[in-house]
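The next block is work03.pdb, given as PDB, C-alpha atoms.
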ATOM      1  CA  MET A   1      17.838  -0.894   1.717
ATOM      2  CA  VAL A   2      18.780  -2.283   5.105
ATOM      3  CA  ILE A   3      15.635  -3.050   7.097
ATOM      4  CA  LYS A   4      17.250  -2.418  10.484
ATOM      5  CA  LYS A   5      18.305   1.033   9.351
ATOM      6  CA  LEU A   6      14.775   1.667   8.079
ATOM      7  CA  ILE A   7      13.251   0.683  11.412
ATOM      8  CA  LEU A   8      15.673   2.832  13.374
ATOM      9  CA  THR A   9      14.992   5.736  11.058
ATOM     10  CA  ILE A  10      11.272   5.471  11.668
ATOM     11  CA  LEU A  11      11.466   4.933  15.417
ATOM     12  CA  LEU A  12      14.331   7.222  16.368
ATOM     13  CA  CYS A  13      14.817   9.876  13.729
ATOM     14  CA  CYS A  14      11.451  10.383  12.125
ATOM     15  CA  CYS A  15       9.109  11.753  14.717
ATOM     16  CA  PRO A  16       6.267  13.669  13.033
ATOM     17  CA  LEU A  17       6.676  17.409  12.686
ATOM     18  CA  ALA A  18       3.499  18.002  14.658
ATOM     19  CA  ALA A  19       0.678  16.036  16.165
ATOM     20  CA  ALA A  20      -2.062  15.501  13.619
ATOM     21  CA  TYR A  21      -5.384  13.741  13.680
ATOM     22  CA  LYS A  22      -5.908  10.228  12.412
ATOM     23  CA  PRO A  23      -7.974  10.663   9.260
ATOM     24  CA  GLU A  24     -11.130   8.643   8.693
ATOM     25  CA  LEU A  25     -10.670   6.798   5.409
ATOM     26  CA  VAL A  26     -12.521   4.486   3.074
ATOM     27  CA  LEU A  27     -11.265   0.921   3.637
ATOM     28  CA  ALA A  28     -11.587  -2.038   1.290
ATOM     29  CA  GLN A  29     -13.037  -5.472   1.749
ATOM     30  CA  VAL A  30     -11.767  -8.582  -0.038
ATOM     31  CA  TYR A  31     -13.110  -9.290  -3.523
ATOM     32  CA  SER A  32     -16.015 -11.695  -3.814
ATOM     33  CA  ASN A  33     -16.879 -13.731  -6.903
ATOM     34  CA  ASN A  34     -20.588 -13.022  -6.598
ATOM     35  CA  ILE A  35     -20.346  -9.402  -7.766
ATOM     36  CA  ASP A  36     -21.125  -7.990 -11.206
ATOM     37  CA  VAL A  37     -17.731  -6.649 -12.249
ATOM     38  CA  THR A  38     -19.281  -4.465 -14.967
ATOM     39  CA  GLN A  39     -20.659  -2.241 -12.180
ATOM     40  CA  TYR A  40     -17.176  -1.396 -10.891
ATOM     41  CA  TRP A  41     -14.308   0.852 -11.801
ATOM     42  CA  VAL A  42     -11.000  -1.020 -11.657
ATOM     43  CA  SER A  43      -7.533   0.312 -10.867
ATOM     44  CA  GLU A  44      -4.094  -0.994  -9.980
ATOM     45  CA  LYS A  45      -3.454  -1.372  -6.258
ATOM     46  CA  LEU A  46      -0.406   0.810  -5.668
ATOM     47  CA  ASP A  47       2.128  -0.384  -3.095
ATOM     48  CA  GLY A  48       3.065   3.017  -1.754
ATOM     49  CA  VAL A  49       2.274   4.994   1.392
ATOM     50  CA  ARG A  50      -1.310   6.124   1.767
ATOM     51  CA  ALA A  51      -1.659   9.822   2.489
ATOM     52  CA  TYR A  52      -4.593  12.118   3.201
ATOM     53  CA  TRP A  53      -4.383  15.709   1.945
ATOM     54  CA  ASP A  54      -6.525  17.957   4.170
ATOM     55  CA  GLY A  55      -6.058  21.000   1.972
ATOM     56  CA  LYS A  56      -2.914  22.153   3.750
ATOM     57  CA  GLN A  57      -0.769  19.135   4.603
ATOM     58  CA  LEU A  58      -0.298  15.433   3.941
ATOM     59  CA  ILE A  59      -1.216  13.128   6.823
ATOM     60  CA  SER A  60      -0.361   9.450   7.095
ATOM     61  CA  ARG A  61      -2.947   6.784   7.817
ATOM     62  CA  GLY A  62      -1.502   6.582  11.330
ATOM     63  CA  GLY A  63      -2.131  10.294  11.926
ATOM     64  CA  ASN A  64       1.371  11.720  11.432
ATOM     65  CA  VAL A  65       2.140  14.835   9.439
ATOM     66  CA  ILE A  66       4.230  13.917   6.410
ATOM     67  CA  ALA A  67       7.090  16.364   5.926
ATOM     68  CA  ALA A  68       6.600  16.949   2.222
ATOM     69  CA  PRO A  69       8.648  19.782   0.694
ATOM     70  CA  ALA A  70       6.662  22.984   0.129
ATOM     71  CA  TRP A  71       7.337  22.841  -3.611
ATOM     72  CA  PHE A  72       5.914  19.314  -3.802
ATOM     73  CA  VAL A  73       2.457  20.389  -2.559
ATOM     74  CA  ALA A  74       2.555  23.986  -3.818
ATOM     75  CA  ASP A  75      -0.045  23.371  -6.537
ATOM     76  CA  PHE A  76      -2.274  20.976  -4.619
ATOM     77  CA  PRO A  77      -5.904  22.131  -4.219
ATOM     78  CA  ALA A  78      -7.445  23.435  -1.002
ATOM     79  CA  GLN A  79      -9.949  20.558  -0.924
ATOM     80  CA  PRO A  80      -9.311  17.176   0.757
ATOM     81  CA  LEU A  81      -7.797  14.332  -1.261
ATOM     82  CA  ASP A  82      -7.093  10.674  -0.551
ATOM     83  CA  GLY A  83      -4.307   8.902  -2.367
ATOM     84  CA  GLU A  84      -0.972   7.146  -2.414
ATOM     85  CA  LEU A  85       2.573   8.484  -2.393
ATOM     86  CA  TRP A  86       4.119   6.186  -4.954
ATOM     87  CA  LEU A  87       7.397   5.677  -6.771
ATOM     88  CA  ALA A  88       7.201   2.427  -8.725
ATOM     89  CA  ARG A  89       6.143  -1.176  -8.314
ATOM     90  CA  GLN A  90       7.874  -3.121  -5.547
ATOM     91  CA  GLN A  91       9.436   0.034  -4.100
ATOM     92  CA  PHE A  92       7.399   0.300  -0.896
ATOM     93  CA  GLU A  93      10.380   0.326   1.476
ATOM     94  CA  LYS A  94      12.052   3.103  -0.491
ATOM     95  CA  VAL A  95       8.893   5.220  -0.480
ATOM     96  CA  LEU A  96       8.455   4.698   3.267
ATOM     97  CA  SER A  97      12.053   5.720   3.889
ATOM     98  CA  ILE A  98      11.549   8.927   1.874
ATOM     99  CA  VAL A  99       8.267  10.078   3.396
ATOM    100  CA  SER A 100       9.071   9.228   7.020
ATOM    101  CA  LYS A 101      12.027  11.604   7.281
ATOM    102  CA  GLN A 102      11.495  14.726   9.359
ATOM    103  CA  GLN A 103      13.835  16.630   7.069
ATOM    104  CA  PRO A 104      12.760  15.841   3.494
ATOM    105  CA  VAL A 105      15.446  15.227   0.902
ATOM    106  CA  ALA A 106      14.575  17.118  -2.281
ATOM    107  CA  SER A 107      16.268  14.680  -4.651
ATOM    108  CA  GLU A 108      14.227  11.827  -3.145
ATOM    109  CA  TRP A 109      10.870  13.605  -3.205
ATOM    110  CA  GLN A 110      11.403  14.546  -6.844
ATOM    111  CA  GLN A 111      10.989  10.847  -7.629
ATOM    112  CA  LEU A 112       7.565  10.602  -5.961
ATOM    113  CA  ARG A 113       4.061  11.336  -7.194
ATOM    114  CA  TYR A 114       0.824  11.665  -5.238
ATOM    115  CA  TYR A 115      -1.782   9.490  -6.950
ATOM    116  CA  ILE A 116      -5.317  10.313  -5.829
ATOM    117  CA  PHE A 117      -8.157   7.793  -5.904
ATOM    118  CA  GLU A 118     -10.819   9.560  -3.809
ATOM    119  CA  LEU A 119     -12.324  12.976  -3.163
ATOM    120  CA  PRO A 120     -13.395  12.910   0.501
ATOM    121  CA  ASP A 121     -16.921  14.187   1.156
ATOM    122  CA  ALA A 122     -17.520  14.990  -2.517
ATOM    123  CA  PRO A 123     -21.152  14.539  -3.586
ATOM    124  CA  GLY A 124     -22.443  12.130  -6.189
ATOM    125  CA  PRO A 125     -21.571   8.564  -7.133
ATOM    126  CA  PHE A 126     -18.013   7.352  -7.648
ATOM    127  CA  THR A 127     -18.329   7.685 -11.433
ATOM    128  CA  GLU A 128     -18.781  11.423 -11.001
ATOM    129  CA  ARG A 129     -15.837  11.571  -8.610
ATOM    130  CA  VAL A 130     -13.636   9.790 -11.171
ATOM    131  CA  LYS A 131     -14.369  12.539 -13.681
ATOM    132  CA  ALA A 132     -13.914  15.223 -11.030
ATOM    133  CA  MET A 133     -10.473  13.857 -10.097
ATOM    134  CA  GLN A 134      -9.366  13.901 -13.720
ATOM    135  CA  VAL A 135     -10.530  17.489 -14.142
ATOM    136  CA  LEU A 136      -8.927  18.558 -10.869
ATOM    137  CA  VAL A 137      -5.522  17.133 -11.838
ATOM    138  CA  GLN A 138      -5.670  18.914 -15.187
ATOM    139  CA  GLN A 139      -6.639  22.210 -13.575
ATOM    140  CA  GLN A 140      -3.986  22.084 -10.854
ATOM    141  CA  ASN A 141      -1.276  21.285 -13.414
ATOM    142  CA  SER A 142       1.109  19.967 -10.773
ATOM    143  CA  PRO A 143       3.820  17.539 -11.923
ATOM    144  CA  TYR A 144       3.497  15.768  -8.579
ATOM    145  CA  LEU A 145      -0.291  15.329  -8.549
ATOM    146  CA  GLN A 146      -1.772  12.472 -10.573
ATOM    147  CA  ALA A 147      -5.058  10.582 -10.692
ATOM    148  CA  VAL A 148      -5.008   6.811 -10.400
ATOM    149  CA  LYS A 149      -6.051   5.326 -13.740
ATOM    150  CA  GLN A 150      -9.585   3.932 -13.500
ATOM    151  CA  PHE A 151     -10.839   1.524 -16.158
ATOM    152  CA  ARG A 152     -13.610  -0.964 -16.905
ATOM    153  CA  VAL A 153     -13.616  -4.687 -17.646
ATOM    154  CA  ALA A 154     -16.219  -6.579 -19.640
ATOM    155  CA  ASP A 155     -16.419  -9.652 -17.426
ATOM    156  CA  ARG A 156     -14.702 -11.720 -14.744
ATOM    157  CA  ALA A 157     -12.410 -13.381 -17.280
ATOM    158  CA  GLU A 158     -11.014 -10.003 -18.354
ATOM    159  CA  LEU A 159     -10.676  -8.943 -14.724
ATOM    160  CA  PHE A 160      -8.519 -11.940 -13.820
ATOM    161  CA  ALA A 161      -6.540 -11.724 -17.059
ATOM    162  CA  THR A 162      -5.732  -8.112 -16.172
ATOM    163  CA  LEU A 163      -4.777  -9.144 -12.651
ATOM    164  CA  GLN A 164      -2.413 -11.822 -13.949
ATOM    165  CA  GLN A 165      -0.806  -9.459 -16.437
ATOM    166  CA  LEU A 166      -0.228  -6.735 -13.845
ATOM    167  CA  GLU A 167       1.066  -9.106 -11.168
ATOM    168  CA  GLN A 168       3.547 -10.553 -13.650
ATOM    169  CA  SER A 169       4.801  -6.988 -14.104
ATOM    170  CA  GLY A 170       5.273  -6.566 -10.359
ATOM    171  CA  ALA A 171       1.944  -5.004  -9.385
ATOM    172  CA  GLU A 172       0.410  -5.775  -6.003
ATOM    173  CA  GLY A 173      -3.140  -6.373  -7.246
ATOM    174  CA  LEU A 174      -6.347  -4.587  -8.233
ATOM    175  CA  MET A 175      -8.931  -2.359  -6.569
ATOM    176  CA  LEU A 176     -12.601  -2.346  -7.536
ATOM    177  CA  HIS A 177     -14.850   0.607  -6.682
ATOM    178  CA  HIS A 178     -18.603   0.446  -7.273
ATOM    179  CA  GLN A 179     -19.717   3.015  -9.807
ATOM    180  CA  ASP A 180     -22.686   4.185  -7.711
ATOM    181  CA  ALA A 181     -20.908   4.346  -4.358
ATOM    182  CA  ARG A 182     -21.395   7.541  -2.372
ATOM    183  CA  TYR A 183     -18.447   8.673  -0.320
ATOM    184  CA  LYS A 184     -18.492   6.936   3.062
ATOM    185  CA  THR A 185     -15.601   6.238   5.420
ATOM    186  CA  GLY A 186     -14.925   2.909   7.095
ATOM    187  CA  ARG A 187     -14.707  -0.577   5.614
ATOM    188  CA  SER A 188     -17.155  -0.949   2.779
ATOM    189  CA  ALA A 189     -18.224  -3.539   0.221
ATOM    190  CA  ASP A 190     -18.281  -0.700  -2.317
ATOM    191  CA  LEU A 191     -14.486  -0.896  -2.366
ATOM    192  CA  LEU A 192     -12.822  -4.272  -2.951
ATOM    193  CA  LYS A 193      -9.231  -5.459  -3.216
ATOM    194  CA  LEU A 194      -8.237  -8.362  -5.421
ATOM    195  CA  LYS A 195      -4.966 -10.296  -5.353
ATOM    196  CA  SER A 196      -4.028 -13.771  -6.534
ATOM    197  CA  TYR A 197      -2.700 -14.463  -3.053
ATOM    198  CA  GLN A 198      -3.626 -13.712   0.544
ATOM    199  CA  ASP A 199      -1.503 -11.596   2.860
ATOM    200  CA  THR A 200      -1.468 -10.943   6.583
ATOM    201  CA  GLU A 201       0.880 -10.106   9.437
ATOM    202  CA  ALA A 202       3.009 -11.913  12.017
ATOM    203  CA  ILE A 203       5.618 -10.928  14.588
ATOM    204  CA  VAL A 204       9.272 -11.959  14.331
ATOM    205  CA  ILE A 205      10.247 -14.085  17.355
ATOM    206  CA  GLY A 206      13.539 -15.609  16.190
ATOM    207  CA  TYR A 207      15.772 -16.725  13.342
ATOM    208  CA  ARG A 208      16.777 -19.975  11.708
ATOM    209  CA  PRO A 209      20.496 -20.048  10.756
ATOM    210  CA  GLY A 210      21.312 -20.311   7.085
ATOM    211  CA  LYS A 211      23.012 -23.253   5.409
ATOM    212  CA  GLY A 212      25.096 -23.614   2.282
ATOM    213  CA  LYS A 213      25.376 -20.290   0.474
ATOM    214  CA  TYR A 214      23.538 -18.669   3.397
ATOM    215  CA  GLN A 215      26.026 -19.917   5.988
ATOM    216  CA  GLY A 216      26.607 -17.223   8.593
ATOM    217  CA  ARG A 217      23.409 -15.396   7.682
ATOM    218  CA  VAL A 218      19.717 -15.834   8.421
ATOM    219  CA  GLY A 219      18.103 -18.751   6.646
ATOM    220  CA  ALA A 220      14.558 -17.940   7.754
ATOM    221  CA  LEU A 221      12.546 -15.773  10.117
ATOM    222  CA  ILE A 222      10.646 -17.540  12.883
ATOM    223  CA  VAL A 223       7.296 -15.784  13.253
ATOM    224  CA  ARG A 224       4.150 -16.027  15.347
ATOM    225  CA  THR A 225       0.657 -15.187  14.117
ATOM    226  CA  PRO A 226      -1.954 -13.388  16.272
ATOM    227  CA  GLU A 227      -3.565 -16.819  16.706
ATOM    228  CA  GLY A 228      -0.349 -18.221  18.187
ATOM    229  CA  LYS A 229       0.804 -20.309  15.203
ATOM    230  CA  GLU A 230       4.606 -20.378  14.829
ATOM    231  CA  PHE A 231       6.465 -21.181  11.609
ATOM    232  CA  ALA A 232       9.437 -20.155   9.479
ATOM    233  CA  ILE A 233       9.527 -17.806   6.491
ATOM    234  CA  GLY A 234      12.624 -18.059   4.310
ATOM    235  CA  SER A 235      11.211 -17.299   0.890
ATOM    236  CA  GLY A 236      11.263 -13.665  -0.179
ATOM    237  CA  LEU A 237      14.270 -12.676   1.945
ATOM    238  CA  THR A 238      16.912 -10.744   0.038
ATOM    239  CA  ASP A 239      20.639 -11.093   0.710
ATOM    240  CA  VAL A 240      20.488  -7.768   2.572
ATOM    241  CA  LEU A 241      17.660  -9.014   4.777
ATOM    242  CA  ARG A 242      19.508 -12.245   5.506
ATOM    243  CA  GLN A 243      22.521 -10.219   6.593
ATOM    244  CA  THR A 244      20.543  -7.674   8.624
ATOM    245  CA  PRO A 245      17.094  -9.139   9.343
ATOM    246  CA  PRO A 246      14.093  -7.414  10.948
ATOM    247  CA  GLU A 247      14.609  -7.215  14.706
ATOM    248  CA  ILE A 248      12.842  -9.459  17.204
ATOM    249  CA  GLY A 249       9.410  -7.986  17.861
ATOM    250  CA  THR A 250       9.063  -6.455  14.404
ATOM    251  CA  VAL A 251       5.716  -6.995  12.694
ATOM    252  CA  ILE A 252       6.054  -8.155   9.097
ATOM    253  CA  THR A 253       3.604  -8.714   6.259
ATOM    254  CA  TYR A 254       3.776 -11.994   4.357
ATOM    255  CA  ARG A 255       1.829 -13.571   1.528
ATOM    256  CA  TYR A 256       0.491 -17.110   1.423
ATOM    257  CA  ASN A 257      -1.898 -19.427  -0.417
ATOM    258  CA  GLY A 258      -4.311 -21.098   1.971
ATOM    259  CA  TYR A 259      -3.476 -23.255   4.978
ATOM    260  CA  THR A 260      -2.127 -26.710   5.743
ATOM    261  CA  ASN A 261      -4.165 -29.220   7.760
ATOM    262  CA  ASN A 262      -2.362 -27.917  10.852
ATOM    263  CA  GLY A 263      -3.462 -24.346  10.191
ATOM    264  CA  ILE A 264      -0.038 -23.140   9.031
ATOM    265  CA  PRO A 265      -0.020 -20.654   6.122
ATOM    266  CA  ARG A 266       0.967 -22.457   2.924
ATOM    267  CA  PHE A 267       3.813 -21.133   0.711
ATOM    268  CA  ALA A 268       4.501 -18.182   3.045
ATOM    269  CA  ARG A 269       6.708 -15.500   1.470
ATOM    270  CA  PHE A 270       8.084 -12.354   3.120
ATOM    271  CA  LEU A 271       6.708  -9.120   1.673
ATOM    272  CA  ARG A 272       7.759  -6.230   3.892
ATOM    273  CA  VAL A 273       8.063  -4.774   7.362
ATOM    274  CA  ARG A 274       4.682  -3.380   8.393
ATOM    275  CA  GLU A 275       4.243   0.324   7.873
ATOM    276  CA  THR A 276       4.043   2.028  11.260
ATOM    277  CA  PHE A 277       4.421   5.616  10.091
TER     278      PHE A 277
END

Show how you would write the structure in this file as structure tokens.
Amino acid sequence: MVIKKLILTILLCCCPLAAAYKPELVLAQVYSNNIDVTQYWVSEKLDGVRAYWDGKQLISRGGNVIAAPAWFVADFPAQPLDGELWLARQQFEKVLSIVSKQQPVASEWQQLRYYIFELPDAPGPFTERVKAMQVLVQQQNSPYLQAVKQFRVADRAELFATLQQLEQSGAEGLMLHHQDARYKTGRSADLLKLKSYQDTEAIVIGYRPGKGKYQGRVGALIVRTPEGKEFAIGSGLTDVLRQTPPEIGTVITYRYNGYTNNGIPRFARFLRVRETF
């Protein structure tokens, strides 16, 4: 998928159908080694587009109505849901392109599923909500409504072995949700995200020309962090991106492993254009 086309689609052609409200959501903190992992439910971190179902419509994290086909949500319940519109691992850009269109394309939406991982405002601890989500999905019997698989690990060693196995298969990481957590919006230590790498954002301010087989294309993106650090990111760029790179001013997400002595992210690798929908 050509990133420039994706950006133009979002900015020019994909205005929301109607003004919505920005939903209050549960937000994760970063995993800490001092927790007892046996007290948490674990799930794969899906790299899709987060969506809030208010009982009538899907709303993006940014507060835009998602133009889902009527048949896609026909068997969704009247109660609120929180989840992810997901296609497959490492298909974020494709999912974003599908869900940000004002006129939904049926053949594209047929590929998607809405994976729920929370029941907003539901009573009881998270363990009870896990069971309630499973029951709800069975009762609704919608081919497009699924519950994110929640599982347990015996110890930290099993947790990190699972992380390594999933990341090798293209997964983004893991989520850990405390079994006793009551539903509460905002950033919470009851919900943790775990990856083998760190990721953050920077703005594209220029390009470094390619050499050798990349002659005539972009060799690297020149980016600036919010702290003012400037550096190049060449790793992770596909041939399509090198031919048609993100425009100047675009905010991108990149992954890295720690910092150099000069405060530059180490082993920076392009992940995606930031979701603005």

>> As a check of understanding, name the residues that the PyMOL selection byres ((chain A and resi 167) around 12) selects in the supplied structure, as a ChimeraX atom specification.
In response: /A:44-47,89-90,160-166,168-174,194-197

With C-alpha atoms retained, could you export that selection as an mmCIF file, keeping the file's coordinate frame?
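Okay, this is what ended up in part17.cif:
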data_model
loop_
_atom_site.group_PDB
_atom_site.id
_atom_site.type_symbol
_atom_site.label_atom_id
_atom_site.label_comp_id
_atom_site.auth_asym_id
_atom_site.auth_seq_id
_atom_site.Cartn_x
_atom_site.Cartn_y
_atom_site.Cartn_z
ATOM 1 C CA GLU A 44 -4.094 -0.994 -9.980
ATOM 2 C CA LYS A 45 -3.454 -1.372 -6.258
ATOM 3 C CA LEU A 46 -0.406 0.810 -5.668
ATOM 4 C CA ASP A 47 2.128 -0.384 -3.095
ATOM 5 C CA ARG A 89 6.143 -1.176 -8.314
ATOM 6 C CA GLN A 90 7.874 -3.121 -5.547
ATOM 7 C CA PHE A 160 -8.519 -11.940 -13.820
ATOM 8 C CA ALA A 161 -6.540 -11.724 -17.059
ATOM 9 C CA THR A 162 -5.732 -8.112 -16.172
ATOM 10 C CA LEU A 163 -4.777 -9.144 -12.651
ATOM 11 C CA GLN A 164 -2.413 -11.822 -13.949
ATOM 12 C CA GLN A 165 -0.806 -9.459 -16.437
ATOM 13 C CA LEU A 166 -0.228 -6.735 -13.845
ATOM 14 C CA GLN A 168 3.547 -10.553 -13.650
ATOM 15 C CA SER A 169 4.801 -6.988 -14.104
ATOM 16 C CA GLY A 170 5.273 -6.566 -10.359
ATOM 17 C CA ALA A 171 1.944 -5.004 -9.385
ATOM 18 C CA GLU A 172 0.410 -5.775 -6.003
ATOM 19 C CA GLY A 173 -3.140 -6.373 -7.246
ATOM 20 C CA LEU A 174 -6.347 -4.587 -8.233
ATOM 21 C CA LEU A 194 -8.237 -8.362 -5.421
ATOM 22 C CA LYS A 195 -4.966 -10.296 -5.353
ATOM 23 C CA SER A 196 -4.028 -13.771 -6.534
ATOM 24 C CA TYR A 197 -2.700 -14.463 -3.053
#

Against region 69-77 of chain A, which residues of region 88-156 of chain A fall within 8 Å? For each one I want the closest pair of atoms and the distance in Å (one decimal), counting only C-alpha atoms, rows by chain and increasing residue number, as a Markdown table.
| residue | atom | partner | partner_atom | distance |
| --- | --- | --- | --- | --- |
| A:Pro104 | CA | A:Pro69 | CA | 6.3 |
| A:Ala106 | CA | A:Pro69 | CA | 7.1 |
| A:Trp109 | CA | A:Phe72 | CA | 7.6 |
| A:Gln110 | CA | A:Phe72 | CA | 7.9 |
| A:Gln140 | CA | A:Asp75 | CA | 6.0 |
| A:Asn141 | CA | A:Asp75 | CA | 7.3 |
| A:Ser142 | CA | A:Asp75 | CA | 5.6 |
| A:Tyr144 | CA | A:Phe72 | CA | 6.4 |
| A:Leu145 | CA | A:Phe76 | CA | 7.2 |

> Which is closer to Val153 (chain A) than all the others in A:Gly186, A:Leu176, A:Ile233, A:Gln215, using only C-alpha atoms?
Replying inline: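 For Val153 (chain A), the nearest of the given residues is A:Leu176.
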
> For Gly234 (chain A), which residue out of A:Ile116, A:Pro80, A:Ile248, A:Phe267 is the nearest one, using only C-alpha atoms?
Replying inline: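 Distance minimum relative to Gly234 (chain A) lands on A:Phe267.
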
> Given the choices A:Pro246, A:Gly124, A:Val42, A:Ala51, which gets closest to Lys149 (chain A) if the distance is worked out from all atoms listed in the file?
Replying inline: A:Val42

>> I'd like the residues picked by the PyMOL selection byres ((chain A and resi 190) around 9) written out as number ranges by chain, using the chain letters and numbers from the file.
In response: A: 28-29, 40, 176-182, 187-189, 191-192

> Just how far from CA of Ser32 (chain A) is CA of Val273 (chain A), in Å to one decimal?
Replying inline: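 One can read the CA of Val273 (chain A) to CA of Ser32 (chain A) distance as 27.4 Å.
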
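The nearest approach to Ser43 (chain A) among the residues A:Val251, A:Ala78, A:Val130, A:Val95, with only C-alpha atoms taken into account, belongs to A:Val130.
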
Do you know which residues are at most 9 Å from Tyr256 (chain A) counting only C-alpha atoms, after dropping those on the same chain fewer than 2 positions away, and could you put them as a PDB file with C-alpha atoms, in the coordinates of the input?
ATOM      1  CA  TYR A 197      -2.700 -14.463  -3.053  1.00  0.00           C
ATOM      2  CA  GLN A 198      -3.626 -13.712   0.544  1.00  0.00           C
ATOM      3  CA  ASP A 199      -1.503 -11.596   2.860  1.00  0.00           C
ATOM      4  CA  THR A 200      -1.468 -10.943   6.583  1.00  0.00           C
ATOM      5  CA  TYR A 254       3.776 -11.994   4.357  1.00  0.00           C
ATOM      6  CA  GLY A 258      -4.311 -21.098   1.971  1.00  0.00           C
ATOM      7  CA  TYR A 259      -3.476 -23.255   4.978  1.00  0.00           C
ATOM      8  CA  PRO A 265      -0.020 -20.654   6.122  1.00  0.00           C
ATOM      9  CA  ARG A 266       0.967 -22.457   2.924  1.00  0.00           C
ATOM     10  CA  PHE A 267       3.813 -21.133   0.711  1.00  0.00           C
ATOM     11  CA  ALA A 268       4.501 -18.182   3.045  1.00  0.00           C
ATOM     12  CA  ARG A 269       6.708 -15.500   1.470  1.00  0.00           C
TER      13      ARG A 269
END

> At what distance in Å, to one decimal, does CA of Ile252 (chain A) lie from CA of Lys101 (chain A)?
Replying inline: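 Taking CA of Lys101 (chain A) as the start and CA of Ile252 (chain A) as the end point, the length is 20.7 Å.
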
>> Using Å and a single decimal, report how far CA of Tyr207 (chain A) sits from CA of Glu247 (chain A).
In response: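 About the pair CA of Glu247 (chain A) and CA of Tyr207 (chain A): they are 9.7 Å apart.
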
>> As a check of understanding, name the residues that the PyMOL selection byres ((chain A and resi 131-135) around 10) selects in the supplied structure, as a ChimeraX atom specification.
In response: /A:81,116-119,122,126-130,136-140,146-150

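Among the candidate residues A:Val223, A:Val26, A:Leu85, A:Val49, the one lying nearest to Glu201 (chain A) is A:Val223, with distances computed using all atoms listed in the file.
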
> Which of these, A:Ala68, A:Leu25, A:Ala20, A:Ala232, has the shortest distance to Lys184 (chain A) once you count only C-alpha atoms?
Replying inline: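 Checking each of A:Ala68, A:Leu25, A:Ala20, A:Ala232 against Lys184 (chain A), counting only C-alpha atoms, the winner is A:Leu25.
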